[in-house]
file start-v1.pdb (PDB, C-alpha atoms)
MODEL        1
ATOM      1  CA  MET A   1       0.000   0.000   0.000
ATOM      2  CA  TRP A   2       2.778   2.404   0.910
ATOM      3  CA  LYS A   3       4.538   1.703  -2.414
ATOM      4  CA  TYR A   4       1.279   2.378  -4.249
ATOM      5  CA  MET A   5       0.873   5.763  -2.554
ATOM      6  CA  MET A   6       4.456   6.729  -3.345
ATOM      7  CA  LYS A   7       3.874   5.763  -6.950
ATOM      8  CA  MET A   8       0.719   7.932  -7.167
ATOM      9  CA  GLN A   9       2.560  10.897  -5.623
ATOM     10  CA  MET A  10       5.279  10.635  -8.271
ATOM     11  CA  ILE A  11       2.648  10.452 -11.015
ATOM     12  CA  ASN A  12       0.915  13.545  -9.627
ATOM     13  CA  ARG A  13       4.225  15.427  -9.436
ATOM     14  CA  PHE A  14       4.976  14.454 -13.013
ATOM     15  CA  ILE A  15       1.556  15.740 -14.148
ATOM     16  CA  LEU A  16       2.068  19.052 -12.285
ATOM     17  CA  LEU A  17       5.520  19.461 -13.805
ATOM     18  CA  ALA A  18       4.106  18.755 -17.259
ATOM     19  CA  ILE A  19       1.326  21.344 -16.787
ATOM     20  CA  PHE A  20       3.844  23.948 -15.540
ATOM     21  CA  PHE A  21       6.099  23.222 -18.516
ATOM     22  CA  LEU A  22       3.210  23.690 -20.963
ATOM     23  CA  PHE A  23       2.290  27.017 -19.370
ATOM     24  CA  PHE A  24       5.908  28.109 -19.526
ATOM     25  CA  ILE A  25       6.189  27.217 -23.228
ATOM     26  CA  ASN A  26       3.020  29.146 -24.110
ATOM     27  CA  GLY A  27       4.002  32.180 -22.092
ATOM     28  CA  PHE A  28       2.978  31.707 -18.472
ATOM     29  CA  SER A  29       2.446  35.365 -17.619
ATOM     30  CA  LEU A  30      -0.233  37.954 -16.961
ATOM     31  CA  PRO A  31      -2.738  38.417 -19.775
ATOM     32  CA  ALA A  32      -1.472  40.845 -22.452
ATOM     33  CA  ASN A  33      -3.046  44.260 -22.741
ATOM     34  CA  ASN A  34      -4.944  43.805 -26.000
ATOM     35  CA  ASN A  35      -6.390  47.316 -25.737
ATOM     36  CA  LYS A  36      -3.072  48.980 -26.510
ATOM     37  CA  PRO A  37      -3.080  50.164 -30.150
ATOM     38  CA  PRO A  38      -0.344  48.773 -32.419
ATOM     39  CA  ILE A  39       0.566  52.259 -33.689
ATOM     40  CA  ASN A  40       2.338  55.238 -32.132
ATOM     41  CA  VAL A  41       0.962  58.735 -32.869
ATOM     42  CA  LYS A  42       2.820  61.995 -32.176
ATOM     43  CA  ILE A  43       1.498  65.547 -32.688
ATOM     44  CA  THR A  44       3.971  68.473 -32.617
ATOM     45  CA  VAL A  45       4.085  72.227 -33.276
ATOM     46  CA  ASN A  46       7.272  74.262 -33.603
ATOM     47  CA  LYS A  47       5.976  76.861 -31.092
ATOM     48  CA  GLN A  48       2.874  77.495 -28.974
ATOM     49  CA  THR A  49       3.268  81.262 -28.528
ATOM     50  CA  ILE A  50       3.509  83.438 -31.643
ATOM     51  CA  THR A  51       2.810  86.951 -32.857
ATOM     52  CA  ILE A  52       0.396  87.858 -35.639
ATOM     53  CA  GLY A  53       1.679  86.657 -39.030
ATOM     54  CA  ASP A  54       4.132  84.098 -37.636
ATOM     55  CA  LYS A  55       4.042  80.619 -39.164
ATOM     56  CA  ILE A  56       3.216  77.481 -37.152
ATOM     57  CA  HIS A  57       4.617  74.139 -38.334
ATOM     58  CA  TYR A  58       2.017  71.519 -37.273
ATOM     59  CA  THR A  59       3.110  67.874 -37.791
ATOM     60  CA  ILE A  60       1.375  64.507 -37.383
ATOM     61  CA  THR A  61       3.777  61.522 -37.148
ATOM     62  CA  VAL A  62       2.545  57.912 -37.092
ATOM     63  CA  GLU A  63       4.736  54.814 -36.619
ATOM     64  CA  SER A  64       3.156  51.448 -37.385
ATOM     65  CA  PRO A  65       4.069  47.856 -38.293
ATOM     66  CA  LYS A  66       4.222  47.049 -41.995
ATOM     67  CA  ASP A  67       0.968  45.054 -41.909
ATOM     68  CA  ILE A  68      -1.119  47.971 -40.590
ATOM     69  CA  GLU A  69      -2.975  50.355 -42.916
ATOM     70  CA  ILE A  70      -3.109  54.017 -41.853
ATOM     71  CA  GLN A  71      -5.632  56.693 -42.818
ATOM     72  CA  LEU A  72      -4.529  60.233 -41.873
ATOM     73  CA  PRO A  73      -7.029  63.103 -41.451
ATOM     74  CA  LYS A  74      -7.836  65.600 -44.179
ATOM     75  CA  PHE A  75      -8.470  69.285 -43.509
ATOM     76  CA  ALA A  76      -9.962  72.041 -45.655
ATOM     77  CA  ASP A  77      -8.537  75.591 -45.680
ATOM     78  CA  ASN A  78      -8.820  76.113 -41.919
ATOM     79  CA  LEU A  79      -7.555  74.293 -38.830
ATOM     80  CA  GLY A  80      -8.577  75.482 -35.373
ATOM     81  CA  GLY A  81      -9.028  79.055 -36.594
ATOM     82  CA  PHE A  82      -5.681  79.096 -38.433
ATOM     83  CA  ALA A  83      -5.419  79.432 -42.210
ATOM     84  CA  ILE A  84      -3.609  76.536 -43.892
ATOM     85  CA  ARG A  85      -0.917  78.130 -46.084
ATOM     86  CA  ASP A  86       0.829  74.933 -47.192
ATOM     87  CA  PHE A  87       0.825  71.203 -46.458
ATOM     88  CA  GLY A  88       2.550  67.974 -47.440
ATOM     89  CA  SER A  89       3.077  64.339 -46.477
ATOM     90  CA  SER A  90       5.698  61.603 -46.655
ATOM     91  CA  GLN A  91       6.009  57.876 -45.994
ATOM     92  CA  LYS A  92       9.189  55.981 -45.118
ATOM     93  CA  LEU A  93       9.981  52.342 -44.420
ATOM     94  CA  TRP A  94      12.368  51.645 -41.537
ATOM     95  CA  TRP A  95      13.155  47.952 -40.912
ATOM     96  CA  ASP A  96       9.802  46.414 -39.987
ATOM     97  CA  LYS A  97       8.039  49.746 -39.446
ATOM     98  CA  LYS A  98       6.385  52.383 -41.585
ATOM     99  CA  ILE A  99       6.633  56.060 -40.639
ATOM    100  CA  TYR A 100       3.979  58.465 -41.911
ATOM    101  CA  LYS A 101       4.321  62.250 -41.683
ATOM    102  CA  GLN A 102       1.761  64.892 -42.515
ATOM    103  CA  TRP A 103       2.644  68.585 -41.995
ATOM    104  CA  TYR A 104       0.839  71.898 -42.270
ATOM    105  CA  ILE A 105       1.973  75.534 -42.282
ATOM    106  CA  LEU A 106      -0.550  77.669 -40.363
ATOM    107  CA  ASP A 107      -0.921  81.373 -39.596
ATOM    108  CA  THR A 108      -3.459  83.997 -38.534
ATOM    109  CA  TYR A 109      -3.723  87.770 -38.406
ATOM    110  CA  THR A 110      -6.003  87.913 -35.357
ATOM    111  CA  SER A 111      -4.612  87.794 -31.829
ATOM    112  CA  GLY A 112      -6.086  85.625 -29.081
ATOM    113  CA  SER A 113      -6.123  82.076 -27.707
ATOM    114  CA  TYR A 114      -6.567  79.261 -30.222
ATOM    115  CA  THR A 115      -6.970  75.517 -29.893
ATOM    116  CA  ILE A 116      -5.957  73.095 -32.612
ATOM    117  CA  PRO A 117      -8.616  70.415 -32.114
ATOM    118  CA  GLU A 118      -8.014  66.730 -31.661
ATOM    119  CA  THR A 119      -7.755  64.756 -34.877
ATOM    120  CA  VAL A 120      -8.746  61.171 -35.639
ATOM    121  CA  ILE A 121      -6.217  58.643 -36.944
ATOM    122  CA  LYS A 122      -7.710  55.466 -38.466
ATOM    123  CA  TYR A 123      -5.898  52.136 -38.692
ATOM    124  CA  ARG A 124      -6.617  48.501 -39.465
ATOM    125  CA  LYS A 125      -4.703  45.342 -40.097
ATOM    126  CA  THR A 126      -4.268  44.380 -43.749
ATOM    127  CA  GLY A 127      -7.250  42.286 -44.792
ATOM    128  CA  GLU A 128      -9.609  43.617 -42.111
ATOM    129  CA  ASN A 129     -12.759  45.557 -42.998
ATOM    130  CA  LYS A 130     -13.251  47.458 -39.747
ATOM    131  CA  TRP A 131     -11.250  50.606 -39.021
ATOM    132  CA  HIS A 132     -10.019  51.405 -35.506
ATOM    133  CA  THR A 133      -9.431  55.002 -34.361
ATOM    134  CA  ILE A 134      -7.078  56.999 -32.138
ATOM    135  CA  ASN A 135      -7.843  60.562 -31.066
ATOM    136  CA  THR A 136      -4.877  62.904 -30.794
ATOM    137  CA  LYS A 137      -4.513  65.557 -28.101
ATOM    138  CA  LYS A 138      -5.586  69.183 -28.438
ATOM    139  CA  ILE A 139      -2.891  71.868 -28.710
ATOM    140  CA  LYS A 140      -3.337  75.389 -27.345
ATOM    141  CA  ILE A 141      -1.718  78.278 -29.235
ATOM    142  CA  GLU A 142      -1.422  81.856 -27.992
ATOM    143  CA  VAL A 143      -1.285  84.562 -30.691
ATOM    144  CA  LYS A 144      -0.037  87.938 -29.461
ATOM    145  CA  SER A 145      -0.536  91.340 -31.049
ATOM    146  CA  LEU A 146       2.320  93.275 -32.630
ATOM    147  CA  LEU A 147       1.263  96.456 -30.791
ATOM    148  CA  GLU A 148       3.375  97.629 -27.897
ATOM    149  CA  LYS A 149       2.432  96.306 -24.478
ATOM    150  CA  ASN A 150       0.394  98.625 -22.247
ATOM    151  CA  LYS A 151      -0.323 100.896 -25.225
ATOM    152  CA  LYS A 152      -3.541 102.723 -24.317
ATOM    153  CA  SER A 153      -5.852 104.982 -26.270
ATOM    154  CA  SER A 154      -5.041 107.712 -23.771
ATOM    155  CA  ASP A 155      -1.653 108.040 -25.507
ATOM    156  CA  ILE A 156      -3.373 109.978 -28.305
ATOM    157  CA  HIS A 157      -2.759 113.717 -27.878
ATOM    158  CA  ASP A 158      -4.363 116.764 -29.367
ATOM    159  CA  ILE A 159      -2.868 118.202 -32.569
ATOM    160  CA  ALA A 160       0.039 120.617 -32.164
ATOM    161  CA  PRO A 161      -0.578 124.332 -32.643
ATOM    162  CA  PRO A 162       0.425 125.875 -36.032
ATOM    163  CA  LEU A 163       4.045 126.862 -36.564
ATOM    164  CA  TYR A 164       4.956 130.271 -37.907
ATOM    165  CA  LEU A 165       8.051 130.867 -40.011
ATOM    166  CA  PRO A 166      10.559 133.396 -38.688
ATOM    167  CA  SER A 167      11.054 136.607 -40.672
ATOM    168  CA  GLY A 168      14.144 135.365 -42.613
ATOM    169  CA  ALA A 169      12.781 131.883 -43.307
ATOM    170  CA  PHE A 170      11.183 132.917 -46.626
ATOM    171  CA  LEU A 171      14.601 133.375 -48.238
ATOM    172  CA  TYR A 172      15.769 129.953 -47.037
ATOM    173  CA  LEU A 173      12.554 128.348 -48.292
ATOM    174  CA  THR A 174      12.954 129.967 -51.725
ATOM    175  CA  ALA A 175      16.583 128.831 -51.965
ATOM    176  CA  SER A 176      15.594 125.278 -50.984
ATOM    177  CA  VAL A 177      12.910 125.145 -53.698
ATOM    178  CA  LEU A 178      15.359 126.407 -56.342
ATOM    179  CA  LEU A 179      17.956 123.860 -55.246
ATOM    180  CA  GLY A 180      15.345 121.114 -55.477
ATOM    181  CA  ILE A 181      14.405 122.165 -59.005
ATOM    182  CA  ILE A 182      18.066 122.130 -60.058
ATOM    183  CA  LEU A 183      18.556 118.636 -58.622
ATOM    184  CA  VAL A 184      15.463 117.356 -60.449
ATOM    185  CA  ILE A 185      16.725 118.798 -63.750
ATOM    186  CA  LEU A 186      20.128 117.134 -63.240
ATOM    187  CA  TRP A 187      18.482 113.811 -62.389
ATOM    188  CA  LEU A 188      16.287 113.923 -65.502
ATOM    189  CA  SER A 189      19.298 114.761 -67.651
ATOM    190  CA  LEU A 190      21.332 111.836 -66.290
ATOM    191  CA  ARG A 191      18.356 109.528 -66.704
ATOM    192  CA  ARG A 192      17.924 110.574 -70.341
ATOM    193  CA  LYS A 193      21.593 109.859 -71.033
ATOM    194  CA  LYS A 194      21.350 106.456 -69.387
ATOM    195  CA  LYS A 195      18.214 105.639 -71.370
ATOM    196  CA  THR A 196      19.961 106.592 -74.618
ATOM    197  CA  LYS A 197      22.912 104.366 -73.696
ATOM    198  CA  ASP A 198      20.598 101.467 -72.841
ATOM    199  CA  GLU A 199      18.806 101.810 -76.183
ATOM    200  CA  LYS A 200      22.100 101.456 -78.026
ATOM    201  CA  GLU A 201      22.987  98.256 -76.171
ATOM    202  CA  PRO A 202      21.087  95.059 -77.088
ATOM    203  CA  LYS A 203      18.519  94.409 -74.375
ATOM    204  CA  ARG A 204      18.499  90.964 -72.853
ATOM    205  CA  SER A 205      15.177  89.258 -72.182
ATOM    206  CA  ALA A 206      13.913  88.403 -68.704
ATOM    207  CA  TYR A 207      14.241  84.745 -69.702
ATOM    208  CA  GLN A 208      17.939  85.087 -70.543
ATOM    209  CA  ILE A 209      18.706  86.999 -67.342
ATOM    210  CA  ALA A 210      16.934  84.376 -65.214
ATOM    211  CA  TYR A 211      18.614  81.415 -66.904
ATOM    212  CA  GLU A 212      22.060  82.986 -66.557
ATOM    213  CA  ALA A 213      21.386  83.528 -62.839
ATOM    214  CA  LEU A 214      20.147  79.920 -62.400
ATOM    215  CA  ALA A 215      23.212  78.557 -64.197
ATOM    216  CA  LEU A 216      25.509  80.649 -61.968
ATOM    217  CA  LEU A 217      23.643  79.453 -58.853
ATOM    218  CA  GLU A 218      24.260  75.803 -59.818
ATOM    219  CA  LYS A 219      27.995  76.503 -60.071
ATOM    220  CA  LYS A 220      28.158  77.939 -56.559
ATOM    221  CA  ASP A 221      29.140  75.691 -53.686
ATOM    222  CA  TYR A 222      26.134  76.251 -51.401
ATOM    223  CA  ILE A 223      24.904  72.639 -51.219
ATOM    224  CA  SER A 224      28.256  70.952 -50.519
ATOM    225  CA  ARG A 225      28.962  73.534 -47.801
ATOM    226  CA  GLY A 226      25.581  72.870 -46.215
ATOM    227  CA  GLU A 227      24.376  76.458 -46.790
ATOM    228  CA  ILE A 228      20.879  75.355 -47.824
ATOM    229  CA  GLU A 229      19.108  78.478 -46.549
ATOM    230  CA  ALA A 230      21.431  80.779 -48.555
ATOM    231  CA  TYR A 231      20.786  78.622 -51.646
ATOM    232  CA  TYR A 232      16.996  78.975 -51.282
ATOM    233  CA  VAL A 233      17.225  82.731 -50.602
ATOM    234  CA  GLU A 234      19.085  83.258 -53.887
ATOM    235  CA  LEU A 235      16.857  80.808 -55.798
ATOM    236  CA  SER A 236      13.627  82.555 -54.728
ATOM    237  CA  ASP A 237      15.163  85.993 -55.474
ATOM    238  CA  ILE A 238      15.964  84.868 -59.039
ATOM    239  CA  VAL A 239      12.343  83.791 -59.621
ATOM    240  CA  ARG A 240      10.928  86.953 -58.016
ATOM    241  CA  HIS A 241      13.147  89.237 -60.145
ATOM    242  CA  TYR A 242      12.196  87.225 -63.236
ATOM    243  CA  ILE A 243       8.488  87.812 -62.504
ATOM    244  CA  GLU A 244       9.223  91.524 -62.025
ATOM    245  CA  ASN A 245      11.159  91.802 -65.332
ATOM    246  CA  ARG A 246       8.741  89.622 -67.304
ATOM    247  CA  PHE A 247       5.359  90.948 -66.082
ATOM    248  CA  ASP A 248       6.272  94.296 -64.482
ATOM    249  CA  ILE A 249       5.140  93.093 -61.047
ATOM    250  CA  ARG A 250       7.082  94.333 -58.021
ATOM    251  CA  ALA A 251       7.513  90.784 -56.691
ATOM    252  CA  PRO A 252      10.800  91.279 -54.745
ATOM    253  CA  GLU A 253       9.176  93.981 -52.571
ATOM    254  CA  MET A 254       6.183  91.860 -51.494
ATOM    255  CA  THR A 255       5.751  89.073 -48.977
ATOM    256  CA  THR A 256       4.727  85.689 -50.363
ATOM    257  CA  GLU A 257       1.101  86.197 -49.257
ATOM    258  CA  GLU A 258       0.942  89.719 -50.752
ATOM    259  CA  PHE A 259       2.469  88.576 -54.028
ATOM    260  CA  LEU A 260       0.185  85.534 -54.443
ATOM    261  CA  GLU A 261      -2.855  87.665 -53.614
ATOM    262  CA  PHE A 262      -1.712  90.176 -56.270
ATOM    263  CA  VAL A 263      -1.394  87.579 -59.048
ATOM    264  CA  LYS A 264      -4.506  85.663 -57.954
ATOM    265  CA  ASN A 265      -6.764  87.455 -60.443
ATOM    266  CA  ASP A 266      -4.032  88.378 -62.938
ATOM    267  CA  LYS A 267      -4.578  86.816 -66.359
ATOM    268  CA  LYS A 268      -0.888  86.944 -67.285
ATOM    269  CA  LEU A 269      -0.373  83.564 -65.584
ATOM    270  CA  THR A 270      -2.455  80.442 -66.098
ATOM    271  CA  THR A 271      -4.027  78.526 -63.202
ATOM    272  CA  GLU A 272      -1.343  75.817 -63.459
ATOM    273  CA  GLN A 273       1.448  78.424 -63.474
ATOM    274  CA  LYS A 274      -0.040  80.153 -60.410
ATOM    275  CA  SER A 275      -0.196  76.806 -58.596
ATOM    276  CA  LEU A 276       3.422  76.026 -59.552
ATOM    277  CA  LEU A 277       4.533  79.480 -58.344
ATOM    278  CA  ARG A 278       2.587  79.155 -55.070
ATOM    279  CA  ASN A 279       4.076  75.744 -54.231
ATOM    280  CA  PHE A 280       7.576  76.935 -55.145
ATOM    281  CA  LEU A 281       7.432  80.094 -52.986
ATOM    282  CA  TYR A 282       5.908  78.320 -49.965
ATOM    283  CA  HIS A 283       8.586  75.622 -50.140
ATOM    284  CA  CYS A 284      11.285  78.322 -50.221
ATOM    285  CA  ASP A 285       9.646  80.042 -47.224
ATOM    286  CA  LEU A 286       9.707  76.761 -45.298
ATOM    287  CA  VAL A 287      13.470  76.602 -45.684
ATOM    288  CA  LYS A 288      14.109  80.327 -45.112
ATOM    289  CA  PHE A 289      11.758  80.962 -42.188
ATOM    290  CA  ALA A 290      10.613  77.623 -40.713
ATOM    291  CA  LYS A 291      14.152  76.124 -40.651
ATOM    292  CA  TYR A 292      12.957  73.150 -42.736
ATOM    293  CA  SER A 293      15.856  70.977 -43.998
ATOM    294  CA  PRO A 294      15.111  69.522 -47.456
ATOM    295  CA  ASP A 295      16.988  66.551 -48.852
ATOM    296  CA  ILE A 296      18.953  66.559 -52.139
ATOM    297  CA  LYS A 297      15.938  65.331 -54.091
ATOM    298  CA  GLU A 298      13.754  68.198 -52.823
ATOM    299  CA  ILE A 299      16.488  70.748 -53.614
ATOM    300  CA  LYS A 300      16.696  69.413 -57.187
ATOM    301  CA  LEU A 301      12.882  69.572 -57.520
ATOM    302  CA  SER A 302      12.900  73.223 -56.368
ATOM    303  CA  LEU A 303      15.454  74.134 -59.048
ATOM    304  CA  ASP A 304      13.447  72.208 -61.679
ATOM    305  CA  SER A 305      10.270  74.064 -60.616
ATOM    306  CA  ALA A 306      12.036  77.430 -61.069
ATOM    307  CA  LYS A 307      13.237  76.417 -64.553
ATOM    308  CA  LYS A 308       9.809  75.102 -65.512
ATOM    309  CA  LEU A 309       8.125  78.365 -64.453
ATOM    310  CA  VAL A 310      10.639  80.423 -66.466
ATOM    311  CA  ASP A 311      10.318  78.128 -69.514
ATOM    312  CA  GLU A 312       6.503  78.225 -69.522
ATOM    313  CA  THR A 313       6.255  82.016 -69.196
ATOM    314  CA  LYS A 314       9.135  83.199 -71.408
ATOM    315  CA  GLU A 315       8.728  85.814 -74.126
ATOM    316  CA  GLU A 316       7.589  84.363 -77.438
ATOM    317  CA  ASP A 317      10.329  86.118 -79.440
ATOM    318  CA  THR A 318      13.215  85.177 -77.131
ATOM    319  CA  GLN A 319      16.495  84.857 -79.037
ATOM    320  CA  ASN A 320      19.767  83.153 -78.053
ATOM    321  CA  ILE A 321      18.066  81.014 -75.420
ATOM    322  CA  ILE A 322      20.470  79.978 -72.678
ATOM    323  CA  GLN A 323      20.203  76.329 -71.866
ATOM    324  CA  LYS A 324      22.044  74.246 -69.370
TER     325      LYS A 324
ENDMDL
END
call {"tool": "encode", "arguments": {"input": "start-v1.pdb", "output": "structure tokens"}}
result
Amino acid sequence: MWKYMMKMQMINRFILLAIFFLFFINGFSLPANNNKPPINVKITVNKQTITIGDKIHYTITVESPKDIEIQLPKFADNLGGFAIRDFGSSQKLWWDKKIYKQWYILDTYTSGSYTIPETVIKYRKTGENKWHTINTKKIKIEVKSLLEKNKKSSDIHDIAPPLYLPSGAFLYLTASVLLGIILVILWLSLRRKKKTKDEKEPKRSAYQIAYEALALLEKKDYISRGEIEAYYVELSDIVRHYIENRFDIRAPEMTTEEFLEFVKNDKKLTTEQKSLLRNFLYHCDLVKFAKYSPDIKEIKLSLDSAKKLVDETKEEDTQNIIQK
């Protein structure tokens, strides 16, 4: 009897050991948290306190496994009270992950407190029909006025009393007027001489001037030295001066928004050319003002866009076309 009991105890121990081993093989641990989403979402802005007219760089970044489909949100022309000036997206594959990025350039010309609302990111495993969602966090933005702090309406004073010229001031005033007339006559004379000289010299077209400047820019060593911002400053100046020379529009003296608003209803450019110009200028502004760092491919596309705009809008009778 005693031997039988010992034998049963050994059998029971063997069964327990076998059960423990099976649990260990299959992951004997606490139940996994199946509610945790398989994707990682990050929302960023370059700054949360700005002044009127400043640009906000709003970015949505999503990291997910390769077998997960992602659907990013779409916005119209407005986001949380901010105007959307430009936007773009990218997708990269990194080992077994996919990284999605969607960015927007926002601004406003009204001071106050703003809230960029939460957005909805949709995802599902490849082959599934049902979409799952993740809500991003809200972001508060403070927009400050450009007026001086503590500037009150009480600072406005009454108009000053009239000033009376002293007795000898009439002679000085007369002499000043005569001197002004003489200077104007000299200026007109010099201008006439310069105009005559310019008429004698063969006038180069806006197309030729722009292409010579673009060719010279390519020979400079900006890219290899890492001076990307200087490269984009000169590239955008070439296009702006070309628009000025070609269409008599004072492009170099305007901001991007002012210039695009000016040409919005101008029939000198087609709708496609206006779109090309808008995308080109906003991309240049990203590099110059938002500290965006483009890669070599983007830099090449910017140069190609400048050449395409010049090619499509050149004078019909252009001679001696300069080509690369």
call {"tool": "atom_distance", "arguments": {"input": "start-v1.pdb", "atom1": "CA of Ile223 (chain A)", "atom2": "CA of Leu309 (chain A)"}}
result
22.1 Å
call {"tool": "residues_around", "arguments": {"input": "start-v1.pdb", "residues": "Gln71 (chain A)", "least_positions_apart": "6", "cutoff": "8 Å", "atoms": "only C-alpha atoms", "output": "list in words"}}
result
Ile121, Lys122 and Tyr123 of chain A
call {"tool": "atom_distance", "arguments": {"input": "start-v1.pdb", "atom1": "CA of Ile238 (chain A)", "atom2": "CA of Ser205 (chain A)"}}
result
13.9 Å
call {"tool": "atom_distance", "arguments": {"input": "start-v1.pdb", "atom1": "CA of Lys274 (chain A)", "atom2": "CA of Glu258 (chain A)"}}
result
13.6 Å
call {"tool": "closest_residue", "arguments": {"input": "start-v1.pdb", "among": "A:Asp221, A:Glu315, A:Glu69, A:Glu118", "to": "Arg204 (chain A)", "atoms": "only C-alpha atoms"}}
result
A:Glu315
call {"tool": "resolve_selection", "arguments": {"input": "start-v1.pdb", "expression": "the PyMOL selection byres ((chain A and resi 120) around 12)", "output": "list in words"}}
result
Val41, Ile43, Ile60, Val62, Ile70, Gln71, Leu72, Pro73, Lys74, Phe75, Pro117, Glu118, Thr119, Ile121, Lys122, Tyr123, Trp131, His132, Thr133, Ile134, Asn135, Thr136, Lys137 and Lys138 of chain A
call {"tool": "closest_residue", "arguments": {"input": "start-v1.pdb", "among": "A:Glu229, A:Asp54, A:Glu261, A:Glu63", "to": "Pro38 (chain A)", "atoms": "only C-alpha atoms"}}
result
A:Glu63
call {"tool": "residues_around", "arguments": {"input": "start-v1.pdb", "residues": "Arg278 (chain A)", "least_positions_apart": "5", "cutoff": "9 Å", "atoms": "all atoms listed in the file", "output": "PyMOL selection string"}}
result
chain A and resi 256+260+273+283
call {"tool": "closest_residue", "arguments": {"input": "start-v1.pdb", "among": "A:Gly112, A:Leu183, A:Val143, A:Lys307", "to": "Ala213 (chain A)", "atoms": "only C-alpha atoms"}}
result
A:Lys307
call {"tool": "residues_around", "arguments": {"input": "start-v1.pdb", "residues": "Thr108 (chain A)", "least_positions_apart": "5", "cutoff": "10 Å", "atoms": "all atoms listed in the file", "output": "PyMOL selection string"}}
result
chain A and resi 50-56+81-85+143
call {"tool": "closest_residue", "arguments": {"input": "start-v1.pdb", "among": "A:Lys140, A:Arg246, A:Lys92, A:Lys195", "to": "Ser113 (chain A)", "atoms": "only C-alpha atoms"}}
result
A:Lys140
call {"tool": "closest_residue", "arguments": {"input": "start-v1.pdb", "among": "A:Ile299, A:Leu106, A:Met8, A:Ala206", "to": "Val45 (chain A)", "atoms": "only C-alpha atoms"}}
result
A:Leu106
call {"tool": "residues_around", "arguments": {"input": "start-v1.pdb", "residues": "region 284-297 of chain A", "least_positions_apart": "3", "cutoff": "9 Å", "atoms": "all atoms listed in the file", "output": "CSV table (one decimal) with C-alpha atoms, in the coordinates of the input"}}
result
chain,number,residue,atom,x,y,z
A,46,ASN,CA,7.3,74.3,-33.6
A,55,LYS,CA,4.0,80.6,-39.2
A,56,ILE,CA,3.2,77.5,-37.2
A,57,HIS,CA,4.6,74.1,-38.3
A,105,ILE,CA,2.0,75.5,-42.3
A,223,ILE,CA,24.9,72.6,-51.2
A,228,ILE,CA,20.9,75.4,-47.8
A,229,GLU,CA,19.1,78.5,-46.5
A,230,ALA,CA,21.4,80.8,-48.6
A,232,TYR,CA,17.0,79.0,-51.3
A,233,VAL,CA,17.2,82.7,-50.6
A,235,LEU,CA,16.9,80.8,-55.8
A,236,SER,CA,13.6,82.6,-54.7
A,256,THR,CA,4.7,85.7,-50.4
A,279,ASN,CA,4.1,75.7,-54.2
A,280,PHE,CA,7.6,76.9,-55.1
A,281,LEU,CA,7.4,80.1,-53.0
A,300,LYS,CA,16.7,69.4,-57.2
A,301,LEU,CA,12.9,69.6,-57.5
A,302,SER,CA,12.9,73.2,-56.4
call {"tool": "residues_around", "arguments": {"input": "start-v1.pdb", "residues": "Leu216 (chain A)", "least_positions_apart": "4", "cutoff": "12 Å", "atoms": "all atoms listed in the file", "output": "ChimeraX atom specification"}}
result
/A:209-212,220-222,231,234-235,238,322,324
call {"tool": "resolve_selection", "arguments": {"input": "start-v1.pdb", "expression": "the PyMOL selection byres ((chain A and resi 100) around 6)", "output": "PyMOL selection string"}}
result
chain A and resi 61-62+90-91+99+101
call {"tool": "decode", "arguments": {"input": "start-v1.pdb", "residues": "region 276-286 of chain A", "atoms": "N, CA and C atoms", "output": "CSV table (one decimal), in the first residue's frame"}}
result
chain,number,residue,atom,x,y,z
A,276,LEU,N,2.0,76.3,-59.6
A,276,LEU,CA,3.4,76.0,-59.6
A,276,LEU,C,4.2,77.1,-58.8
A,277,LEU,N,3.9,78.4,-59.0
A,277,LEU,CA,4.5,79.5,-58.3
A,277,LEU,C,4.2,79.5,-56.9
A,278,ARG,N,3.0,79.2,-56.5
A,278,ARG,CA,2.6,79.2,-55.1
A,278,ARG,C,3.3,78.1,-54.3
A,279,ASN,N,3.4,76.9,-54.9
A,279,ASN,CA,4.1,75.7,-54.2
A,279,ASN,C,5.6,76.0,-54.1
A,280,PHE,N,6.1,76.6,-55.2
A,280,PHE,CA,7.6,76.9,-55.1
A,280,PHE,C,7.9,77.9,-54.0
A,281,LEU,N,7.1,79.0,-54.0
A,281,LEU,CA,7.4,80.1,-53.0
A,281,LEU,C,7.2,79.6,-51.6
A,282,TYR,N,6.1,78.8,-51.3
A,282,TYR,CA,5.9,78.3,-50.0
A,282,TYR,C,7.0,77.4,-49.5
A,283,HIS,N,7.5,76.5,-50.5
A,283,HIS,CA,8.6,75.6,-50.1
A,283,HIS,C,9.9,76.4,-49.8
A,284,CYS,N,10.1,77.5,-50.5
A,284,CYS,CA,11.3,78.3,-50.2
A,284,CYS,C,11.1,79.0,-48.8
A,285,ASP,N,9.9,79.4,-48.5
A,285,ASP,CA,9.6,80.0,-47.2
A,285,ASP,C,9.8,79.1,-46.1
A,286,LEU,N,9.5,77.8,-46.3
A,286,LEU,CA,9.7,76.8,-45.3
A,286,LEU,C,11.2,76.7,-44.9
